[in-house]
Amino acid sequence: MDKNKRFVLPIGPIHIALEEPIQLRLETEGNIVKNVQLKIGYVHRAIEFLLANKDFYQGIIVVERVCGICSHSHPTCFVQALEQIAEIEVPLRARYLRTLIGELERIHSHLLNTAITCEILGFKTLFVRFMNARENIKDLMEGISGHRGNYAFNTIGGVRKDLFEDEIHEVKKSIDSLEPEIFQLIETVLSNSILISRTKGIGVLTYQDAIDLSVVGPVARASGVDLDLRKDVAMPGAAYEFLEFEKVVEKDGDVLSRVKVRLLEMVESFKIIKQILKDLPKGTILTKKFVPIPKGIGISRWEAPRGGLIYYCITDGTDIPYRVKIRAPSFVNIYALNRILINQDVADVTLISGSIDPCFSCMQR
Amino acid sequence: MFLDAIKQFLRYSQKKSLWVFHVNTGSCNGCDIEILALFSSKYDAERFGIKLVGSPKHADILLVTGPVTTKSRDPLLRAYDMMPKPKAVVSVGVCSLSGGVFAKSYNVLGPVDNFIPVHVYIGGCSAHPNMILEGLLRAAQILCEEEELWSF
């Protein structure tokens, strides 16, 4: 057989290694990937069309179902844009509570991604332990908000549920017991020589490529791009400006540094949660129950677990938004696959594509 | 006579070893993650002999999440046709049983039972792992008892 002959290897749309439908067409030469084509659109549900047919309060519910993992980031970003148009000052307590759920969501998303990375590597024990830790976080979120997946926590001008004093005490207790468990898992991953040698130097996204492709979130931070919306932009709906934490930036841009960024970000998230629980300000959680939204344009940004999320809303003074544009972080990040899969082994494809933490339902909306 | 005995044995054994294939036809990820949680250690569906498999050709039960979109209709039908008989379908989540919040979208063709016969419906957005587990056990019962599924 001709050695240089190219073979097209389709993966998907329904495949065991992929949670969600997408088709990757890999052009391979022998064992090496030479070209990648992505076919998306299998889970396109036309959320932007639906949003233009529903009123603002129904819109929050639809937006929550853009993605089942970042189901707090999307509604928060949406209501933040509407608050900007209506010029509503969000109460400080509501801002802190939003940040609390946002950080818990970041921890559970990063735990999930690390668990899946371990499963792809064949490290079943670590997968089970990470999933266990994630279940504890999920239980905590169920206790705070009332649901495991879709929290329905946000509304325009504040949040829908308050945390009482004894609840805060319980949350504090479970955070204190969870922290050493998760820190130990982080230490296990970062000191395991097999895991490190399997992920080091694979799927490298250089600093220049990261800038060119304008990737966001942990993928960008792993390539040395100093980009974290929690620090960089003003978020009128969140309380990050009052909290102390650090950006986690790695230099190498390979799979290992992406895993590292996610793990170390969890440490920062724990720091933020502890500060929130310590000095949660007193006061109301909602300014006004139903707020009319005037004519205007609002742009809001939020650091979702996968990176910067942008909502662009145009309203015309009626009950229904004129146009809502969603830019999800995975939509930008997935095109990095075109760069980082080239000249890699076919055996590493699932590992590398898992390491950018793609969320196909965010991406295809 | 002999064949009937084999059939009886197969029916009995089906109940204790369910192989499940999961298809996402346009779900928001919520139910898919709960299915992943169902097969991890806390809910641990494998204690009932339920196992996720990588090919529809090995599966007894099809788990479908999400409303059927234009582009994912054909993969769903192909996966369903590939499954050997007897087979049962479990639809997970409110979108797959009615369309949910996505019902009026231009790209959503409808709920799953417009395309393939569904035996167990599980509500919830997103469905709780315990509910999915109960639905799977119900599907095992149906697979064992339903006369129609065994006439081939």
# chains A, B, ... in the order shown; residues from 1 in each chain; ligands from 1

call {"tool": "interface_residues", "arguments": {"of": "chain B", "to": "chain A", "cutoff": "8 Å", "atoms": "only C-alpha atoms", "output": "VMD selection string"}}
result
chain B and resid 23 to 33 37 40 to 42 53 to 55 69 to 72 75 101 to 102 104 to 108 125 to 126 128

call {"tool": "residues_around", "arguments": {"residues": "B:Lys15", "least_positions_apart": "4", "cutoff": "10 Å", "atoms": "only C-alpha atoms", "output": "PyMOL selection string"}}
result
chain B and resi 10-11+48-50+137-145

call {"tool": "residues_around", "arguments": {"residues": "B:Glu148", "least_positions_apart": "6", "cutoff": "12 Å", "atoms": "only C-alpha atoms", "output": "PyMOL selection string"}}
result
chain B and resi 85-88+142

call {"tool": "write_last_selection", "arguments": {"atoms": "C-alpha atoms", "output": "PDB file, in the first residue's frame"}}
result
ATOM      1  CA  LYS B  85     -34.555  -7.713  18.794  1.00  0.00           C
ATOM      2  CA  PRO B  86     -35.988  -7.726  21.440  1.00  0.00           C
ATOM      3  CA  LYS B  87     -35.348  -4.060  22.144  1.00  0.00           C
ATOM      4  CA  ALA B  88     -36.888  -1.375  24.271  1.00  0.00           C
ATOM      5  CA  ILE B 142     -41.145  -4.793  29.912  1.00  0.00           C
TER       6      ILE B 142
END

call {"tool": "atom_distance", "arguments": {"atom1": "atom CA of A:Gly102", "atom2": "atom CA of A:Phe270"}}
result
11.6 Å

call {"tool": "residues_around", "arguments": {"residues": "B:Met82", "least_positions_apart": "5", "cutoff": "12 Å", "atoms": "only C-alpha atoms", "output": "tab-separated table (two decimals) with N, CA and C atoms, in the first residue's frame"}}
result
chain	number	residue	atom	x	y	z
B	21	PHE	N	-27.46	1.43	25.26
B	21	PHE	CA	-26.76	2.33	24.34
B	21	PHE	C	-27.43	3.70	24.44
B	55	SER	N	-21.69	0.13	21.17
B	55	SER	CA	-22.28	-0.09	19.85
B	55	SER	C	-23.75	-0.48	20.00
B	56	PRO	N	-24.62	0.05	19.16
B	56	PRO	CA	-26.04	-0.34	19.24
B	56	PRO	C	-26.25	-1.81	18.93
B	57	LYS	N	-25.29	-2.44	18.25
B	57	LYS	CA	-25.45	-3.84	17.89
B	57	LYS	C	-25.37	-4.76	19.11
B	58	HIS	N	-24.85	-4.25	20.22
B	58	HIS	CA	-24.75	-5.06	21.43
B	58	HIS	C	-25.87	-4.77	22.42
B	59	ALA	N	-26.72	-3.79	22.10
B	59	ALA	CA	-27.56	-3.22	23.15
B	59	ALA	C	-28.97	-3.82	23.18
B	60	ASP	N	-29.55	-3.87	24.38
B	60	ASP	CA	-30.95	-4.26	24.55
B	60	ASP	C	-31.85	-3.04	24.68
B	61	ILE	N	-31.28	-1.97	25.22
B	61	ILE	CA	-32.08	-0.79	25.52
B	61	ILE	C	-31.43	0.44	24.92
B	62	LEU	N	-32.26	1.28	24.32
B	62	LEU	CA	-31.78	2.54	23.77
B	62	LEU	C	-32.24	3.66	24.70
B	75	PRO	N	-29.22	9.62	12.30
B	75	PRO	CA	-28.41	8.80	13.21
B	75	PRO	C	-29.25	8.03	14.23
B	76	LEU	N	-30.33	8.65	14.73
B	76	LEU	CA	-31.19	7.98	15.71
B	76	LEU	C	-31.85	6.75	15.08
B	77	LEU	N	-32.43	6.94	13.88
B	77	LEU	CA	-33.12	5.82	13.22
B	77	LEU	C	-32.13	4.72	12.88
B	87	LYS	N	-35.95	-5.32	21.71
B	87	LYS	CA	-35.35	-4.06	22.14
B	87	LYS	C	-36.41	-3.15	22.73

call {"tool": "residues_around", "arguments": {"residues": "A:Leu286", "least_positions_apart": "6", "cutoff": "12 Å", "atoms": "only C-alpha atoms", "output": "MDAnalysis selection string"}}
result
chainID A and resid 88:95 97 153:162

call {"tool": "write_last_selection", "arguments": {"atoms": "C-alpha atoms", "output": "PDB file, in the first residue's frame"}}
result
ATOM      1  CA  ILE A  88     -30.965  48.194  37.776  1.00  0.00           C
ATOM      2  CA  GLU A  89     -28.597  48.154  40.700  1.00  0.00           C
ATOM      3  CA  VAL A  90     -28.348  44.557  41.916  1.00  0.00           C
ATOM      4  CA  PRO A  91     -28.279  44.155  45.728  1.00  0.00           C
ATOM      5  CA  LEU A  92     -24.876  43.204  47.076  1.00  0.00           C
ATOM      6  CA  ARG A  93     -26.147  40.033  48.743  1.00  0.00           C
ATOM      7  CA  ALA A  94     -27.589  38.811  45.441  1.00  0.00           C
ATOM      8  CA  ARG A  95     -24.271  39.484  43.725  1.00  0.00           C
ATOM      9  CA  LEU A  97     -24.928  34.556  46.038  1.00  0.00           C
ATOM     10  CA  PHE A 153     -31.413  30.842  40.723  1.00  0.00           C
ATOM     11  CA  ASN A 154     -31.466  34.087  38.763  1.00  0.00           C
ATOM     12  CA  THR A 155     -34.063  36.629  37.981  1.00  0.00           C
ATOM     13  CA  ILE A 156     -33.815  40.164  36.653  1.00  0.00           C
ATOM     14  CA  GLY A 157     -32.565  42.352  39.469  1.00  0.00           C
ATOM     15  CA  GLY A 158     -31.374  39.699  41.872  1.00  0.00           C
ATOM     16  CA  VAL A 159     -31.696  36.048  42.844  1.00  0.00           C
ATOM     17  CA  ARG A 160     -34.746  33.973  43.699  1.00  0.00           C
ATOM     18  CA  LYS A 161     -33.615  32.179  46.799  1.00  0.00           C
ATOM     19  CA  ASP A 162     -31.910  33.418  49.932  1.00  0.00           C
TER      20      ASP A 162
END

call {"tool": "atom_distance", "arguments": {"atom1": "atom CA of A:Ile276", "atom2": "atom CA of A:Ala238"}}
result
11.5 Å

call {"tool": "residues_around", "arguments": {"residues": "A:Leu163", "least_positions_apart": "2", "cutoff": "10 Å", "atoms": "only C-alpha atoms", "output": "list in words"}}
result
Arg93, Leu97, Ile144, Ser145, Lys161, Glu165, Asp166, Glu167, Ile168, His169, Val171, Leu280 and Ile285 of chain A

call {"tool": "select_by_dssp", "arguments": {"residues": "stretch 198-358 of chain A", "states": "strand (DSSP E)", "output": "list of chain:residue names"}}
result
A:Lys295, A:Gly296, A:Ile297, A:Gly298, A:Ile299, A:Ser300, A:Arg301, A:Trp302, A:Glu303, A:Ala304, A:Gly307, A:Gly308, A:Leu309, A:Ile310, A:Tyr311, A:Tyr312, A:Cys313, A:Ile314, A:Thr315, A:Asp316, A:Pro321, A:Tyr322, A:Arg323, A:Val324, A:Lys325, A:Ile326, A:Arg327

call {"tool": "write_last_selection", "arguments": {"atoms": "C-alpha atoms", "output": "compact mmCIF listing (two decimals), in the first residue's frame"}}
result
# COMPACT_ATOMS: atom_id res chain seq x y z
CA LYS A 295 -35.47 50.10 24.64
CA GLY A 296 -31.73 49.64 24.46
CA ILE A 297 -28.67 47.53 23.83
CA GLY A 298 -26.87 45.50 26.48
CA ILE A 299 -23.62 43.58 26.28
CA SER A 300 -22.60 41.43 29.18
CA ARG A 301 -19.72 39.11 29.87
CA TRP A 302 -19.24 36.29 32.31
CA GLU A 303 -16.42 33.87 32.95
CA ALA A 304 -18.12 30.50 32.52
CA GLY A 307 -14.21 30.65 29.26
CA GLY A 308 -15.63 34.01 28.39
CA LEU A 309 -19.32 34.04 27.63
CA ILE A 310 -20.86 37.02 25.83
CA TYR A 311 -24.52 37.99 25.55
CA TYR A 312 -25.61 40.76 23.23
CA CYS A 313 -29.23 41.84 23.73
CA ILE A 314 -31.27 44.34 21.76
CA THR A 315 -34.65 45.32 23.18
CA ASP A 316 -37.34 47.51 21.66
CA PRO A 321 -36.30 40.85 23.22
CA TYR A 322 -35.69 41.99 19.65
CA ARG A 323 -32.50 39.95 19.29
CA VAL A 324 -30.25 38.00 21.63
CA LYS A 325 -26.88 36.86 20.39
CA ILE A 326 -25.02 34.26 22.41
CA ARG A 327 -21.32 33.67 21.97

call {"tool": "closest_residue", "arguments": {"among": "A:Leu337, A:Ser330, A:Leu229, A:Thr318", "to": "A:Met363", "atoms": "only C-alpha atoms"}}
result
A:Ser330
